[in-house]
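Chemist: Sharing entry11.pdb below, PDB, C-alpha atoms:
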```
ATOM      1  CA  MET J   2       3.839  11.065   5.157  1.00  0.00           C
ATOM      2  CA  ARG J   3       3.627  12.219   1.547  1.00  0.00           C
ATOM      3  CA  ILE J   4       2.682   9.780  -1.224  1.00  0.00           C
ATOM      4  CA  ASP J   5       2.725  10.678  -4.933  1.00  0.00           C
ATOM      5  CA  ILE J   6       0.999   8.345  -7.374  1.00  0.00           C
ATOM      6  CA  LEU J   7       1.741   8.117 -11.093  1.00  0.00           C
ATOM      7  CA  THR J   8      -1.203   6.476 -12.833  1.00  0.00           C
ATOM      8  CA  LEU J   9      -3.250   6.440 -16.023  1.00  0.00           C
ATOM      9  CA  PHE J  10      -6.439   6.213 -13.956  1.00  0.00           C
ATOM     10  CA  PRO J  11      -6.396   8.665 -11.025  1.00  0.00           C
ATOM     11  CA  GLY J  12     -10.185   8.386 -10.694  1.00  0.00           C
ATOM     12  CA  MET J  13      -9.829   4.820  -9.429  1.00  0.00           C
ATOM     13  CA  PHE J  14      -8.535   6.157  -6.103  1.00  0.00           C
ATOM     14  CA  ASP J  15     -11.563   8.317  -5.306  1.00  0.00           C
ATOM     15  CA  GLY J  16     -13.457   5.794  -3.180  1.00  0.00           C
ATOM     16  CA  PRO J  17     -10.746   4.113  -1.091  1.00  0.00           C
ATOM     17  CA  LEU J  18      -8.932   7.341  -0.231  1.00  0.00           C
ATOM     18  CA  THR J  19     -11.978   9.504   0.430  1.00  0.00           C
ATOM     19  CA  GLU J  20     -13.642   7.394   3.108  1.00  0.00           C
ATOM     20  CA  SER J  21     -13.067   6.233   6.679  1.00  0.00           C
ATOM     21  CA  ILE J  22      -9.614   6.201   8.281  1.00  0.00           C
ATOM     22  CA  LEU J  23      -7.652   7.257   5.193  1.00  0.00           C
ATOM     23  CA  GLN J  24      -9.870  10.279   4.611  1.00  0.00           C
ATOM     24  CA  ARG J  25      -9.516  11.348   8.255  1.00  0.00           C
ATOM     25  CA  ALA J  26      -5.750  10.928   8.034  1.00  0.00           C
ATOM     26  CA  ARG J  27      -5.688  13.232   5.013  1.00  0.00           C
ATOM     27  CA  GLU J  28      -7.958  15.791   6.658  1.00  0.00           C
ATOM     28  CA  GLN J  29      -5.669  15.844   9.708  1.00  0.00           C
ATOM     29  CA  ASN J  30      -2.595  16.266   7.469  1.00  0.00           C
ATOM     30  CA  LEU J  31      -1.103  13.030   8.752  1.00  0.00           C
ATOM     31  CA  LEU J  32      -1.112  11.664   5.211  1.00  0.00           C
ATOM     32  CA  SER J  33      -0.929  13.668   1.992  1.00  0.00           C
ATOM     33  CA  VAL J  34      -1.642  11.905  -1.304  1.00  0.00           C
ATOM     34  CA  HIS J  35      -1.026  13.517  -4.687  1.00  0.00           C
ATOM     35  CA  PHE J  36      -2.117  12.107  -8.050  1.00  0.00           C
ATOM     36  CA  HIS J  37      -0.357  12.611 -11.366  1.00  0.00           C
ATOM     37  CA  ASP J  38      -1.938  11.519 -14.633  1.00  0.00           C
ATOM     38  CA  LEU J  39       0.688   9.859 -16.804  1.00  0.00           C
ATOM     39  CA  ARG J  40      -1.207  11.046 -19.891  1.00  0.00           C
ATOM     40  CA  ASN J  41       0.027  14.555 -19.116  1.00  0.00           C
ATOM     41  CA  PHE J  42       3.520  13.309 -19.923  1.00  0.00           C
ATOM     42  CA  GLY J  43       2.484  11.406 -23.050  1.00  0.00           C
ATOM     43  CA  LEU J  44       4.001  11.990 -26.455  1.00  0.00           C
ATOM     44  CA  GLY J  45       2.536  13.609 -29.537  1.00  0.00           C
ATOM     45  CA  LYS J  46      -0.956  14.732 -30.379  1.00  0.00           C
ATOM     46  CA  TYR J  47      -2.583  11.746 -28.664  1.00  0.00           C
ATOM     47  CA  ARG J  48      -0.421  11.807 -25.513  1.00  0.00           C
ATOM     48  CA  GLN J  49       0.927   8.318 -26.174  1.00  0.00           C
ATOM     49  CA  VAL J  50       2.406   6.562 -23.145  1.00  0.00           C
ATOM     50  CA  ASP J  51       2.660   3.008 -24.514  1.00  0.00           C
ATOM     51  CA  ASP J  52       3.971   1.153 -27.552  1.00  0.00           C
ATOM     52  CA  THR J  53       4.472  -2.358 -28.925  1.00  0.00           C
ATOM     53  CA  PRO J  54       7.374  -4.372 -27.441  1.00  0.00           C
ATOM     54  CA  TYR J  55      10.546  -4.963 -29.437  1.00  0.00           C
ATOM     55  CA  GLY J  56      10.808  -8.607 -30.423  1.00  0.00           C
ATOM     56  CA  GLY J  57       7.059  -9.005 -30.705  1.00  0.00           C
ATOM     57  CA  GLY J  58       4.571 -10.403 -28.255  1.00  0.00           C
ATOM     58  CA  ALA J  59       1.130  -9.588 -26.947  1.00  0.00           C
ATOM     59  CA  GLY J  60       0.194  -6.348 -25.254  1.00  0.00           C
ATOM     60  CA  MET J  61       1.783  -2.937 -24.943  1.00  0.00           C
ATOM     61  CA  LEU J  62       4.549  -1.511 -22.771  1.00  0.00           C
ATOM     62  CA  MET J  63       4.697   1.868 -21.073  1.00  0.00           C
ATOM     63  CA  ARG J  64       7.408   3.975 -22.708  1.00  0.00           C
ATOM     64  CA  ALA J  65      10.515   5.130 -20.852  1.00  0.00           C
ATOM     65  CA  ASP J  66      10.373   8.555 -22.542  1.00  0.00           C
ATOM     66  CA  ALA J  67       6.915   9.152 -21.029  1.00  0.00           C
ATOM     67  CA  VAL J  68       7.360   7.576 -17.585  1.00  0.00           C
ATOM     68  CA  VAL J  69      10.829   8.873 -16.701  1.00  0.00           C
ATOM     69  CA  PRO J  70       9.954  12.571 -17.236  1.00  0.00           C
ATOM     70  CA  ALA J  71       6.897  12.002 -15.036  1.00  0.00           C
ATOM     71  CA  ILE J  72       9.043  10.537 -12.255  1.00  0.00           C
ATOM     72  CA  GLU J  73      11.575  13.352 -12.568  1.00  0.00           C
ATOM     73  CA  HIS J  74       8.804  15.959 -12.409  1.00  0.00           C
ATOM     74  CA  VAL J  75       7.391  14.518  -9.171  1.00  0.00           C
ATOM     75  CA  MET J  76      10.873  14.487  -7.646  1.00  0.00           C
ATOM     76  CA  THR J  77      10.961  18.291  -7.910  1.00  0.00           C
ATOM     77  CA  LEU J  78       7.756  18.831  -5.925  1.00  0.00           C
ATOM     78  CA  ALA J  79       9.090  18.486  -2.374  1.00  0.00           C
ATOM     79  CA  GLU J  80      12.297  18.552  -0.369  1.00  0.00           C
ATOM     80  CA  GLY J  81      14.483  15.472  -0.376  1.00  0.00           C
ATOM     81  CA  GLN J  82      13.979  12.449  -2.579  1.00  0.00           C
ATOM     82  CA  PRO J  83      11.053  10.019  -2.622  1.00  0.00           C
ATOM     83  CA  HIS J  84      11.444   6.277  -2.292  1.00  0.00           C
ATOM     84  CA  ARG J  85      10.262   5.151  -5.729  1.00  0.00           C
ATOM     85  CA  ILE J  86       8.186   1.973  -5.925  1.00  0.00           C
ATOM     86  CA  TYR J  87       6.906   0.252  -9.044  1.00  0.00           C
ATOM     87  CA  LEU J  88       3.844  -1.932  -8.361  1.00  0.00           C
ATOM     88  CA  SER J  89       4.732  -5.031 -10.356  1.00  0.00           C
ATOM     89  CA  ALA J  90       3.859  -8.729 -10.431  1.00  0.00           C
ATOM     90  CA  ARG J  91       7.616  -9.368 -10.481  1.00  0.00           C
ATOM     91  CA  GLY J  92       8.271  -7.449  -7.293  1.00  0.00           C
ATOM     92  CA  GLU J  93       8.898  -8.474  -3.701  1.00  0.00           C
ATOM     93  CA  ARG J  94       5.722  -9.773  -2.077  1.00  0.00           C
ATOM     94  CA  LEU J  95       4.246  -7.321   0.409  1.00  0.00           C
ATOM     95  CA  VAL J  96       4.267  -8.684   3.958  1.00  0.00           C
ATOM     96  CA  GLN J  97       3.820  -6.978   7.319  1.00  0.00           C
ATOM     97  CA  PRO J  98       7.545  -6.497   8.114  1.00  0.00           C
ATOM     98  CA  LYS J  99       7.943  -4.777   4.747  1.00  0.00           C
ATOM     99  CA  VAL J 100       4.972  -2.500   5.476  1.00  0.00           C
ATOM    100  CA  GLU J 101       6.466  -1.541   8.832  1.00  0.00           C
ATOM    101  CA  GLN J 102       9.878  -0.901   7.276  1.00  0.00           C
ATOM    102  CA  LEU J 103       8.445   1.394   4.593  1.00  0.00           C
ATOM    103  CA  ALA J 104       6.409   3.330   7.148  1.00  0.00           C
ATOM    104  CA  GLN J 105       9.388   3.738   9.475  1.00  0.00           C
ATOM    105  CA  ASP J 106      12.144   4.489   6.966  1.00  0.00           C
ATOM    106  CA  HIS J 107      10.454   6.826   4.494  1.00  0.00           C
ATOM    107  CA  GLU J 108       8.541  10.094   4.766  1.00  0.00           C
ATOM    108  CA  TRP J 109       7.917  10.333   1.011  1.00  0.00           C
ATOM    109  CA  LEU J 110       6.890   7.569  -1.382  1.00  0.00           C
ATOM    110  CA  LEU J 111       6.401   7.710  -5.138  1.00  0.00           C
ATOM    111  CA  LEU J 112       4.229   4.889  -6.475  1.00  0.00           C
ATOM    112  CA  LEU J 113       4.288   4.026 -10.171  1.00  0.00           C
ATOM    113  CA  CYS J 114       1.205   2.111 -11.300  1.00  0.00           C
ATOM    114  CA  GLY J 115       2.010   0.008 -14.320  1.00  0.00           C
ATOM    115  CA  HIS J 116      -0.547  -1.021 -16.904  1.00  0.00           C
ATOM    116  CA  TYR J 117      -0.780  -3.101 -20.068  1.00  0.00           C
ATOM    117  CA  GLU J 118       2.154  -5.574 -20.126  1.00  0.00           C
ATOM    118  CA  GLY J 119       4.290  -3.454 -17.814  1.00  0.00           C
ATOM    119  CA  ILE J 120       7.001  -0.862 -18.325  1.00  0.00           C
ATOM    120  CA  ASP J 121      10.165  -0.588 -20.392  1.00  0.00           C
ATOM    121  CA  GLN J 122      12.919  -2.323 -18.398  1.00  0.00           C
ATOM    122  CA  ARG J 123      15.212   0.668 -18.880  1.00  0.00           C
ATOM    123  CA  ILE J 124      13.072   2.639 -16.401  1.00  0.00           C
ATOM    124  CA  ILE J 125      14.218   0.168 -13.745  1.00  0.00           C
ATOM    125  CA  ASP J 126      17.751  -0.427 -14.997  1.00  0.00           C
ATOM    126  CA  GLY J 127      18.375   3.306 -15.339  1.00  0.00           C
ATOM    127  CA  GLY J 128      17.856   3.866 -11.622  1.00  0.00           C
ATOM    128  CA  TRP J 129      14.499   5.647 -11.726  1.00  0.00           C
ATOM    129  CA  ILE J 130      12.878   2.927  -9.575  1.00  0.00           C
ATOM    130  CA  ASP J 131      14.175   1.921  -6.146  1.00  0.00           C
ATOM    131  CA  GLU J 132      12.215  -1.308  -5.750  1.00  0.00           C
ATOM    132  CA  GLU J 133       9.360  -3.374  -7.145  1.00  0.00           C
ATOM    133  CA  ILE J 134       6.522  -4.643  -4.936  1.00  0.00           C
ATOM    134  CA  ARG J 135       3.643  -7.034  -5.545  1.00  0.00           C
ATOM    135  CA  ILE J 136       0.705  -7.661  -3.210  1.00  0.00           C
ATOM    136  CA  GLY J 137       0.284 -11.347  -4.049  1.00  0.00           C
ATOM    137  CA  ASP J 138       1.138 -14.170  -6.379  1.00  0.00           C
ATOM    138  CA  TYR J 139      -1.315 -13.239  -9.113  1.00  0.00           C
ATOM    139  CA  VAL J 140      -1.579 -10.755 -11.976  1.00  0.00           C
ATOM    140  CA  LEU J 141      -3.871  -7.708 -12.015  1.00  0.00           C
ATOM    141  CA  THR J 142      -4.765  -5.376 -14.867  1.00  0.00           C
ATOM    142  CA  GLY J 143      -2.763  -2.522 -13.384  1.00  0.00           C
ATOM    143  CA  GLY J 144      -0.919  -1.187 -10.373  1.00  0.00           C
ATOM    144  CA  GLU J 145      -3.761   0.944  -9.023  1.00  0.00           C
ATOM    145  CA  LEU J 146      -5.308  -1.668  -6.732  1.00  0.00           C
ATOM    146  CA  PRO J 147      -1.911  -2.723  -5.324  1.00  0.00           C
ATOM    147  CA  ALA J 148      -1.117   0.954  -4.693  1.00  0.00           C
ATOM    148  CA  MET J 149      -4.346   1.321  -2.699  1.00  0.00           C
ATOM    149  CA  VAL J 150      -3.490  -1.758  -0.624  1.00  0.00           C
ATOM    150  CA  LEU J 151       0.015  -0.470   0.038  1.00  0.00           C
ATOM    151  CA  ILE J 152      -1.235   2.981   1.084  1.00  0.00           C
ATOM    152  CA  ASP J 153      -3.839   1.500   3.436  1.00  0.00           C
ATOM    153  CA  ALA J 154      -1.322  -0.861   5.058  1.00  0.00           C
ATOM    154  CA  ILE J 155       1.301   1.851   5.539  1.00  0.00           C
ATOM    155  CA  ALA J 156      -1.138   4.493   6.795  1.00  0.00           C
ATOM    156  CA  ARG J 157      -1.993   2.331   9.820  1.00  0.00           C
ATOM    157  CA  HIS J 158       1.578   2.819  11.055  1.00  0.00           C
ATOM    158  CA  ILE J 159       1.629   6.604  10.809  1.00  0.00           C
ATOM    159  CA  PRO J 160       1.384   7.991  14.366  1.00  0.00           C
ATOM    160  CA  GLY J 161      -2.064   9.383  15.067  1.00  0.00           C
ATOM    161  CA  VAL J 162      -3.886   7.675  12.187  1.00  0.00           C
ATOM    162  CA  LEU J 163      -5.467   4.974  14.354  1.00  0.00           C
ATOM    163  CA  GLY J 164      -7.459   5.754  17.478  1.00  0.00           C
ATOM    164  CA  LYS J 165      -5.038   3.880  19.745  1.00  0.00           C
ATOM    165  CA  GLU J 166      -1.373   3.420  18.964  1.00  0.00           C
ATOM    166  CA  GLU J 167      -1.538  -0.185  20.179  1.00  0.00           C
ATOM    167  CA  SER J 168      -4.103  -0.928  17.471  1.00  0.00           C
ATOM    168  CA  ALA J 169      -1.289  -1.296  14.948  1.00  0.00           C
ATOM    169  CA  HIS J 170       1.240  -2.557  17.487  1.00  0.00           C
ATOM    170  CA  GLU J 171      -0.598  -5.739  18.440  1.00  0.00           C
ATOM    171  CA  GLU J 172      -2.450  -7.140  15.442  1.00  0.00           C
ATOM    172  CA  SER J 173      -2.088 -10.012  12.990  1.00  0.00           C
ATOM    173  CA  PHE J 174       1.489 -10.488  11.695  1.00  0.00           C
ATOM    174  CA  SER J 175       2.890  -7.767  13.985  1.00  0.00           C
ATOM    175  CA  ALA J 176       6.196  -8.273  15.794  1.00  0.00           C
ATOM    176  CA  ALA J 177       4.294  -8.126  19.101  1.00  0.00           C
ATOM    177  CA  LEU J 178       2.446 -11.313  18.099  1.00  0.00           C
ATOM    178  CA  ASP J 179       5.576 -12.968  16.735  1.00  0.00           C
ATOM    179  CA  ARG J 180       4.221 -12.487  13.173  1.00  0.00           C
ATOM    180  CA  LYS J 181       1.293 -14.787  13.917  1.00  0.00           C
ATOM    181  CA  GLN J 182      -2.427 -14.257  13.322  1.00  0.00           C
ATOM    182  CA  GLU J 183      -4.306 -12.391  16.002  1.00  0.00           C
ATOM    183  CA  TYR J 184      -6.458 -14.112  18.644  1.00  0.00           C
ATOM    184  CA  PRO J 185     -10.304 -14.120  18.283  1.00  0.00           C
ATOM    185  CA  HIS J 186     -12.312 -11.105  19.459  1.00  0.00           C
ATOM    186  CA  TYR J 187     -15.768 -10.901  21.063  1.00  0.00           C
ATOM    187  CA  THR J 188     -18.206  -8.155  22.054  1.00  0.00           C
ATOM    188  CA  ARG J 189     -21.803  -7.948  23.320  1.00  0.00           C
ATOM    189  CA  PRO J 190     -24.089  -9.829  23.643  1.00  0.00           C
ATOM    190  CA  GLU J 191     -22.505 -12.475  25.856  1.00  0.00           C
ATOM    191  CA  GLU J 192     -24.639 -15.176  24.213  1.00  0.00           C
ATOM    192  CA  PHE J 193     -25.789 -15.197  20.592  1.00  0.00           C
ATOM    193  CA  ARG J 194     -27.874 -18.060  19.172  1.00  0.00           C
ATOM    194  CA  GLY J 195     -26.218 -20.639  21.392  1.00  0.00           C
ATOM    195  CA  HIS J 196     -22.690 -19.280  21.074  1.00  0.00           C
ATOM    196  CA  ARG J 197     -21.158 -17.794  24.230  1.00  0.00           C
ATOM    197  CA  VAL J 198     -18.206 -15.532  24.804  1.00  0.00           C
ATOM    198  CA  PRO J 199     -15.399 -17.586  26.454  1.00  0.00           C
ATOM    199  CA  ASP J 200     -15.773 -17.334  30.237  1.00  0.00           C
ATOM    200  CA  VAL J 201     -12.185 -16.224  30.739  1.00  0.00           C
ATOM    201  CA  LEU J 202     -12.863 -12.999  28.829  1.00  0.00           C
ATOM    202  CA  LEU J 203     -15.696 -12.192  31.230  1.00  0.00           C
ATOM    203  CA  SER J 204     -13.660 -12.967  34.339  1.00  0.00           C
ATOM    204  CA  GLY J 205     -11.770  -9.686  34.647  1.00  0.00           C
ATOM    205  CA  HIS J 206      -8.635 -11.741  35.426  1.00  0.00           C
ATOM    206  CA  HIS J 207      -6.091  -9.970  33.212  1.00  0.00           C
ATOM    207  CA  ALA J 208      -3.328 -12.529  33.606  1.00  0.00           C
ATOM    208  CA  GLU J 209      -5.647 -15.367  32.585  1.00  0.00           C
ATOM    209  CA  ILE J 210      -6.999 -13.306  29.683  1.00  0.00           C
ATOM    210  CA  GLU J 211      -3.468 -12.661  28.470  1.00  0.00           C
ATOM    211  CA  LYS J 212      -2.662 -16.381  28.757  1.00  0.00           C
ATOM    212  CA  TRP J 213      -5.813 -17.235  26.754  1.00  0.00           C
ATOM    213  CA  ARG J 214      -4.926 -14.740  24.048  1.00  0.00           C
ATOM    214  CA  LYS J 215      -1.404 -16.107  23.675  1.00  0.00           C
ATOM    215  CA  LYS J 216      -2.763 -19.653  23.479  1.00  0.00           C
ATOM    216  CA  ASN J 217      -5.199 -18.665  20.744  1.00  0.00           C
ATOM    217  CA  THR J 218      -2.709 -16.734  18.629  1.00  0.00           C
ATOM    218  CA  ARG J 219      -1.980 -18.805  15.556  1.00  0.00           C
TER     219      ARG J 219
END
```
Show me the file's structure as structure tokens.
Modeler:
Amino acid sequence: MRIDILTLFPGMFDGPLTESILQRAREQNLLSVHFHDLRNFGLGKYRQVDDTPYGGGAGMLMRADAVVPAIEHVMTLAEGQPHRIYLSARGERLVQPKVEQLAQDHEWLLLLCGHYEGIDQRIIDGGWIDEEIRIGDYVLTGGELPAMVLIDAIARHIPGVLGKEESAHEESFSAALDRKQEYPHYTRPEEFRGHRVPDVLLSGHHAEIEKWRKKNTR
């Protein structure tokens, strides 16, 4: 999967995307992530990307004449057309079925990270954004953190990214668990400070273990 990110702060992605599973996925060419600094598409001597809103009000808005050329530029960088997502507090809340749908239906995503008070509505109304997504019912300072969450969630469903394919198949909120939370997990030692692993998990009786897991899925 290819993901292009339009952001004012590309440096924010250095840690989350250069460690652990996501880094390995990139090294194995299972996931390619490309960053584009919106300042490069800014206007005038100072590369302006924002301005005061018409009608007054607090904060600044990202300008359509800076953001749209950036989106159009990214759309020329690969074959086909990316699915364009604006990370916005007004968007659809990200849940597991949505993650699975994005991973299954799209090979190329373009993520626009808003900042300040948001973006000029004409960027959305003009058809340069396909959908808006939020990661929760709260407001953040920008779209960078939501973009990181979205990338991490989607990457788990790219074949080969996880060690075992069933790792993503049977986990909290997956269809395999009827969108419920996963059952508890235990490892060695069998007893720790008075707390024991449930006997059924030590029994080797797979049918009983499966019954216990279903009972303890919430």
Chemist: Atom CA of J:Tyr47 to atom CA of J:Met63: how many Å, to one decimal?
Modeler: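 Taking atom CA of J:Tyr47 and atom CA of J:Met63, their separation equals 14.4 Å.
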Chemist: Written as a list in words, what is the full residue list that the PyMOL selection byres ((chain J and resi 154) around 10) yields on the file shown?
Modeler: Leu95, Val96, Gln97, Val100, Glu101, Ala104, Ala148, Met149, Val150, Leu151, Ile152, Asp153, Ile155, Ala156, Arg157, His158, Ile159 and Ala169 of chain J
Chemist: Can those selected residues be exported to a file as a PDB file, in the frame of the given file so that it contains C-alpha atoms?
Modeler:
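The new file again.pdb reads:
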```
ATOM      1  CA  LEU J  95       4.246  -7.321   0.409  1.00  0.00           C
ATOM      2  CA  VAL J  96       4.267  -8.684   3.958  1.00  0.00           C
ATOM      3  CA  GLN J  97       3.820  -6.978   7.319  1.00  0.00           C
ATOM      4  CA  VAL J 100       4.972  -2.500   5.476  1.00  0.00           C
ATOM      5  CA  GLU J 101       6.466  -1.541   8.832  1.00  0.00           C
ATOM      6  CA  ALA J 104       6.409   3.330   7.148  1.00  0.00           C
ATOM      7  CA  ALA J 148      -1.117   0.954  -4.693  1.00  0.00           C
ATOM      8  CA  MET J 149      -4.346   1.321  -2.699  1.00  0.00           C
ATOM      9  CA  VAL J 150      -3.490  -1.758  -0.624  1.00  0.00           C
ATOM     10  CA  LEU J 151       0.015  -0.470   0.038  1.00  0.00           C
ATOM     11  CA  ILE J 152      -1.235   2.981   1.084  1.00  0.00           C
ATOM     12  CA  ASP J 153      -3.839   1.500   3.436  1.00  0.00           C
ATOM     13  CA  ILE J 155       1.301   1.851   5.539  1.00  0.00           C
ATOM     14  CA  ALA J 156      -1.138   4.493   6.795  1.00  0.00           C
ATOM     15  CA  ARG J 157      -1.993   2.331   9.820  1.00  0.00           C
ATOM     16  CA  HIS J 158       1.578   2.819  11.055  1.00  0.00           C
ATOM     17  CA  ILE J 159       1.629   6.604  10.809  1.00  0.00           C
ATOM     18  CA  ALA J 169      -1.289  -1.296  14.948  1.00  0.00           C
TER      19      ALA J 169
END
```
Chemist: Considering all atoms listed in the file, return as a ChimeraX atom specification whatever protein or nucleic-acid residues lie within 8 Å of J:Leu7, sequence-local ones (same chain, fewer than 5 positions apart) excluded.
Modeler: /J:36-39,71-72,111-114
Chemist: Could you give me, as a ChimeraX atom specification, the residues within 10 Å of J:Gly137, counting only C-alpha atoms and dropping anything in the same chain fewer than 6 positions from it?
Modeler: /J:89-96,147
Chemist: Neighbouring residues of J:Leu88 were defined as those with any atom within 6 Å, considering all atoms listed in the file; residues of the same chain fewer than 2 positions away were excluded. Please report them as a PyMOL selection string.
Modeler: chain J and resi 114+133-135+144
Chemist: Write a file of the just-selected residues containing C-alpha atoms, as a PDB file, keeping the file's coordinate frame.
Modeler:
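Saved to part.pdb:
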```pdb
ATOM      1  CA  CYS J 114       1.205   2.111 -11.300  1.00  0.00           C
ATOM      2  CA  GLU J 133       9.360  -3.374  -7.145  1.00  0.00           C
ATOM      3  CA  ILE J 134       6.522  -4.643  -4.936  1.00  0.00           C
ATOM      4  CA  ARG J 135       3.643  -7.034  -5.545  1.00  0.00           C
ATOM      5  CA  GLY J 144      -0.919  -1.187 -10.373  1.00  0.00           C
TER       6      GLY J 144
END
```
Chemist: Can you tell me how far atom CA of J:Gly115 sits from atom CA of J:Ser21, in Å to one decimal?
Modeler: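 Separation between atom CA of J:Gly115 and atom CA of J:Ser21: 26.6 Å.
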Chemist: Extract, using all atoms listed in the file, all DNA, RNA and protein residues at most 6 Å from J:Thr218, discarding same-chain residues fewer than 3 positions from it, and format them as a list in words.
Modeler: Gln182, Glu183, Tyr184 and Lys215 of chain J
Chemist: Run the PyMOL selection byres ((chain J and resi 118) around 9) mentally over the shown coordinates, then write out the matched residues as a count of residues only, using the chain letters and numbers from the document.
Modeler: 12
Chemist: Calculated over only C-alpha atoms, which of the candidates J:Asp138, J:Glu20, J:Asp5, J:Glu192 has the smallest distance to J:His84?
Modeler: J:Asp5
Chemist: Restricting the calculation to only C-alpha atoms: of J:Pro54, J:Glu191, J:Arg3, J:Ile124, which residue gets closest to J:Glu80?
Modeler: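 When distances to J:Glu80 are compared using only C-alpha atoms, the smallest one comes from J:Arg3.
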Chemist: When the PyMOL selection byres ((chain J and resi 185) around 12) is applied to the structure above, which residues does it catch, written out as a list of chain:residue names?
Modeler: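 On the file shown, the PyMOL selection byres ((chain J and resi 185) around 12) covers J:Glu172, J:Ser173, J:Gln182, J:Glu183, J:Tyr184, J:His186, J:Tyr187, J:Thr188, J:Val198, J:Pro199, J:Leu202, J:Ile210, J:Trp213, J:Arg214, J:Lys215, J:Lys216, J:Asn217, J:Thr218, J:Arg219.
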Chemist: Which one of J:Val68, J:Leu141, J:Leu103, J:Val162 sits closest to J:Leu31 if you count all atoms listed in the file?
Modeler: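 Under the stated criterion, the closest residue is J:Val162.
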Chemist: For each of J:His196, J:Arg64, J:Lys181, J:Arg27, take the minimum atom-to-atom distance to J:Arg40, counting only C-alpha atoms, then give the residue where this is smallest.
Modeler: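 Closest candidate: J:Arg64.
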Chemist: Just to confirm, what's the straight-line distance from atom CA of J:Gly127 to atom CA of J:Val140 in Å (one decimal)?
Modeler: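 If I compute the distance from atom CA of J:Gly127 to atom CA of J:Val140, I get 24.6 Å.
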Chemist: Within 6 Å of (0.5, 10.2, -1.9) (coordinates as in the file), grab all the protein and nucleic acid residues, counting all atoms listed in the file, and write them out as number ranges by chain.
Modeler: J: 3-6, 33-35
Chemist: Nearest to J:Glu108 among J:Arg25, J:Arg194, J:Arg85, J:Arg123, with distances taken over only C-alpha atoms: which residue is it?
Modeler: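 Among the listed residues, the smallest separation from J:Glu108 belongs to J:Arg85.
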Chemist: Enclose the full set of atoms of stretch 122-134 of chain J listed in the file within a box whose edges lie along x, y and z, apply 4 Å of padding to each of the six sides, and report centre and edge lengths in Å to one decimal as lines of an AutoDock Vina configuration file.
Modeler:
```
center_x = 12.4
center_y = 0.5
center_z = -11.9
size_x = 19.9
size_y = 18.3
size_z = 21.9
```
